[in-house]
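Asker: Quick one: structure below, then a few questions.
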Amino acid sequence: GVVDRAAVAARAFAGGDEDRRWLEGLLWPLVGARIAGWLEHVRALRPAPRAAVVEVPLLFEAGMERGFDATIAVIAEEDTRSERAAGRGHALADERAARQLSQDEKAHRATFVVRNDGTVGDLRRELAGVLAKLSV
């Protein structure tokens, strides 16, 4: 009854392309449906919220960006990303990164780009600036 996250990561990131494609084919439609349902609920709220934010780590890789009015790429230096992933206990950090678009490509595709190389306070200020732009 408990997901072995390390085993799933090993199959998804270090396994073959077939395993990864199978998992993506299973999960991404479920993620998309859950997001769509939540957004429908949020859009019906009165008063309407200033923004509805969905965090999708593989947004561009999954081809889901068209479902949003705007996208934000939160990017950081590779060393910082690696340290943070290790701190969260993510195994196979290099294999995970190899399966993702580069930070530059995500920045190029996104509507907004936020740097996350500093403190949590710095990140909050950056994101508040984006929210202010979206609320206009």
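Chain lettering (A, B, ...) mirrors the order of the structure tokens, residue numbering begins at 1 for each chain separately, and ligand numbering begins at 1 in order of display.
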Neighbours of region 30-33 of chain A within 12 Å (only C-alpha atoms; same-chain residues fewer than 2 positions away dropped), as a list in words?

Answerer: Leu23, Glu24, Gly25, Leu26, Leu27, Trp28, Ile35, Ala36, Gly37, Trp38, Leu39, Glu40, Val54, Glu55, Val56, Pro57, Leu58, Leu59, Ala62, Gly63, Met64, Glu65, Arg66, Gly67 and Phe68 of chain A

Asker: Selection from above, C-alpha atoms, as a PDB file, in the first residue's frame, can you write it?

Answerer:
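Result written to part-v4.pdb:
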ATOM      1  CA  LEU A  23       4.919   5.674 -16.634  1.00  0.00           C
ATOM      2  CA  GLU A  24       4.432   9.030 -18.372  1.00  0.00           C
ATOM      3  CA  GLY A  25       1.558   7.600 -20.423  1.00  0.00           C
ATOM      4  CA  LEU A  26      -0.089   6.463 -17.214  1.00  0.00           C
ATOM      5  CA  LEU A  27       0.547   9.520 -15.061  1.00  0.00           C
ATOM      6  CA  TRP A  28       0.418  12.573 -17.324  1.00  0.00           C
ATOM      7  CA  ILE A  35      -5.469  20.022 -12.936  1.00  0.00           C
ATOM      8  CA  ALA A  36      -8.414  20.612 -15.290  1.00  0.00           C
ATOM      9  CA  GLY A  37     -10.900  19.686 -12.571  1.00  0.00           C
ATOM     10  CA  TRP A  38      -9.236  21.925 -10.017  1.00  0.00           C
ATOM     11  CA  LEU A  39      -9.069  24.860 -12.441  1.00  0.00           C
ATOM     12  CA  GLU A  40     -12.760  24.448 -13.260  1.00  0.00           C
ATOM     13  CA  VAL A  54      -0.338  24.976 -10.517  1.00  0.00           C
ATOM     14  CA  GLU A  55       3.137  23.550  -9.972  1.00  0.00           C
ATOM     15  CA  VAL A  56       4.016  21.116 -12.750  1.00  0.00           C
ATOM     16  CA  PRO A  57       7.679  20.050 -12.633  1.00  0.00           C
ATOM     17  CA  LEU A  58       7.643  18.559 -16.159  1.00  0.00           C
ATOM     18  CA  LEU A  59       5.201  21.028 -17.692  1.00  0.00           C
ATOM     19  CA  ALA A  62       4.593  16.786 -20.900  1.00  0.00           C
ATOM     20  CA  GLY A  63       3.361  19.317 -23.465  1.00  0.00           C
ATOM     21  CA  MET A  64       0.878  20.721 -20.944  1.00  0.00           C
ATOM     22  CA  GLU A  65       1.853  24.405 -21.228  1.00  0.00           C
ATOM     23  CA  ARG A  66      -0.975  25.150 -23.681  1.00  0.00           C
ATOM     24  CA  GLY A  67      -3.488  24.615 -20.880  1.00  0.00           C
ATOM     25  CA  PHE A  68      -2.337  27.723 -19.011  1.00  0.00           C
TER      26      PHE A  68
END

Asker: Go ahead and compute the interatomic distance for CA of Asp19 (chain A) and CA of Ala86 (chain A), in Å to one decimal.

Answerer: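 Atom-to-atom, CA of Asp19 (chain A) and CA of Ala86 (chain A) are spaced 23.6 Å apart.
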
Asker: As an MDAnalysis selection string, please: every residue in region 10-126 of chain A that DSSP puts in alpha helix (DSSP H).

Answerer: chainID A and resid 17:44 78:87 93:98 103:109 120:126

Asker: Just list as a list of chain:residue names whatever in region 69-124 of chain A DSSP marks as strand (DSSP E).

Answerer: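 For region 69-124 of chain A, the strand (DSSP E) set is A:Ile72, A:Ala73, A:Val74, A:Ile75, A:Phe112, A:Val113, A:Val114, A:Arg115.
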
Asker: I'd like the neighbourhood of Arg50 (chain A) as a VMD selection string, where a residue qualifies if any of its atoms comes within 9 Å (using only C-alpha atoms), though same-chain residues fewer than 2 positions away should be ignored.

Answerer: chain A and resid 48 52 131 134 to 135

Asker: Generate the output file for the selected residues, N, CA, C and O atoms, as a short mmCIF file (atom, residue, chain, number, x, y, z; two decimals), in the first residue's frame.

Answerer:
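File produced: out.cif:
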data_model
loop_
_atom_site.label_atom_id
_atom_site.label_comp_id
_atom_site.auth_asym_id
_atom_site.auth_seq_id
_atom_site.Cartn_x
_atom_site.Cartn_y
_atom_site.Cartn_z
N ALA A 48 -13.60 35.71 -7.53
CA ALA A 48 -12.54 34.95 -8.21
C ALA A 48 -11.18 35.29 -7.59
O ALA A 48 -10.93 36.44 -7.24
N ALA A 52 -4.66 31.48 -10.23
CA ALA A 52 -4.64 30.07 -9.84
C ALA A 52 -3.30 29.52 -10.29
O ALA A 52 -2.96 29.60 -11.46
N LEU A 131 3.15 37.73 -9.81
CA LEU A 131 1.73 37.77 -9.48
C LEU A 131 1.15 39.16 -9.73
O LEU A 131 0.06 39.29 -10.27
N LEU A 134 0.51 39.47 -13.37
CA LEU A 134 -0.61 38.65 -13.81
C LEU A 134 -1.95 39.25 -13.39
O LEU A 134 -2.96 39.01 -14.02
N SER A 135 -1.95 40.01 -12.31
CA SER A 135 -3.18 40.56 -11.76
C SER A 135 -3.62 41.84 -12.45
O SER A 135 -4.69 42.34 -12.17
#

Asker: Name the residues in contact with Ala73 (chain A) at a cut-off of 6 Å, using only C-alpha atoms, excluding same-chain residues fewer than 5 positions from it; report them as a VMD selection string.

Answerer: chain A and resid 107 110 113

Asker: Would you mind exporting the chosen residues as a compact mmCIF listing (two decimals), in the first residue's frame, restricted to all heavy atoms?

Answerer:
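Written out: part_34.txt:
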# COMPACT_ATOMS: atom_id res chain seq x y z
N ALA A 107 13.47 28.39 -19.64
CA ALA A 107 13.39 29.85 -19.58
C ALA A 107 12.92 30.43 -20.91
O ALA A 107 12.13 31.37 -20.95
CB ALA A 107 14.74 30.43 -19.18
N ALA A 110 9.06 29.75 -21.28
CA ALA A 110 8.16 30.30 -20.26
C ALA A 110 7.77 31.74 -20.55
O ALA A 110 8.51 32.49 -21.18
CB ALA A 110 8.83 30.21 -18.89
N VAL A 113 10.29 34.25 -16.11
CA VAL A 113 11.42 33.49 -15.57
C VAL A 113 11.75 34.06 -14.20
O VAL A 113 11.89 35.28 -14.04
CB VAL A 113 12.66 33.57 -16.49
CG1 VAL A 113 13.83 32.82 -15.88
CG2 VAL A 113 12.32 33.03 -17.87

Asker: Can you tell me, as a PyMOL selection string, what residues are no more than 12 Å from His108 (chain A) when counting only C-alpha atoms, ignoring any on the same chain fewer than 6 positions away?

Answerer: chain A and resi 60+71-75+101-102+114

Asker: Write the residues of the selection above to a file with N, CA and C atoms, as a PDB file, in the first residue's frame.

Answerer:
ATOM      1  N   PHE A  60       6.667  21.468 -19.575  1.00  0.00           N
ATOM      2  CA  PHE A  60       7.017  21.549 -20.993  1.00  0.00           C
ATOM      3  C   PHE A  60       7.294  20.158 -21.578  1.00  0.00           C
ATOM      4  N   THR A  71       3.050  30.865 -18.068  1.00  0.00           N
ATOM      5  CA  THR A  71       3.914  29.889 -17.408  1.00  0.00           C
ATOM      6  C   THR A  71       5.079  30.619 -16.745  1.00  0.00           C
ATOM      7  N   ILE A  72       5.565  30.024 -15.686  1.00  0.00           N
ATOM      8  CA  ILE A  72       6.703  30.575 -14.951  1.00  0.00           C
ATOM      9  C   ILE A  72       7.758  29.481 -14.851  1.00  0.00           C
ATOM     10  N   ALA A  73       8.940  29.759 -15.345  1.00  0.00           N
ATOM     11  CA  ALA A  73      10.065  28.838 -15.160  1.00  0.00           C
ATOM     12  C   ALA A  73      10.848  29.319 -13.949  1.00  0.00           C
ATOM     13  N   VAL A  74      10.919  28.496 -12.927  1.00  0.00           N
ATOM     14  CA  VAL A  74      11.731  28.804 -11.752  1.00  0.00           C
ATOM     15  C   VAL A  74      13.033  28.051 -11.955  1.00  0.00           C
ATOM     16  N   ILE A  75      14.099  28.798 -12.187  1.00  0.00           N
ATOM     17  CA  ILE A  75      15.371  28.185 -12.546  1.00  0.00           C
ATOM     18  C   ILE A  75      16.449  28.544 -11.528  1.00  0.00           C
ATOM     19  N   LEU A 101      14.183  19.093 -19.762  1.00  0.00           N
ATOM     20  CA  LEU A 101      14.716  20.154 -20.606  1.00  0.00           C
ATOM     21  C   LEU A 101      15.740  20.948 -19.811  1.00  0.00           C
ATOM     22  N   SER A 102      16.642  21.579 -20.496  1.00  0.00           N
ATOM     23  CA  SER A 102      17.634  22.408 -19.809  1.00  0.00           C
ATOM     24  C   SER A 102      16.963  23.627 -19.195  1.00  0.00           C
ATOM     25  N   VAL A 114      11.871  33.185 -13.223  1.00  0.00           N
ATOM     26  CA  VAL A 114      12.215  33.573 -11.860  1.00  0.00           C
ATOM     27  C   VAL A 114      13.474  32.819 -11.467  1.00  0.00           C
TER      28      VAL A 114
END

Asker: So which residues touch Arg115 (chain A) within 12 Å, counting only C-alpha atoms, skipping near sequence neighbours fewer than 3 positions away, as a count of residues only?

Answerer: 23

Asker: So how many Å separate CA of Val8 (chain A) and CA of Pro29 (chain A), to one decimal?

Answerer: 17.9 Å
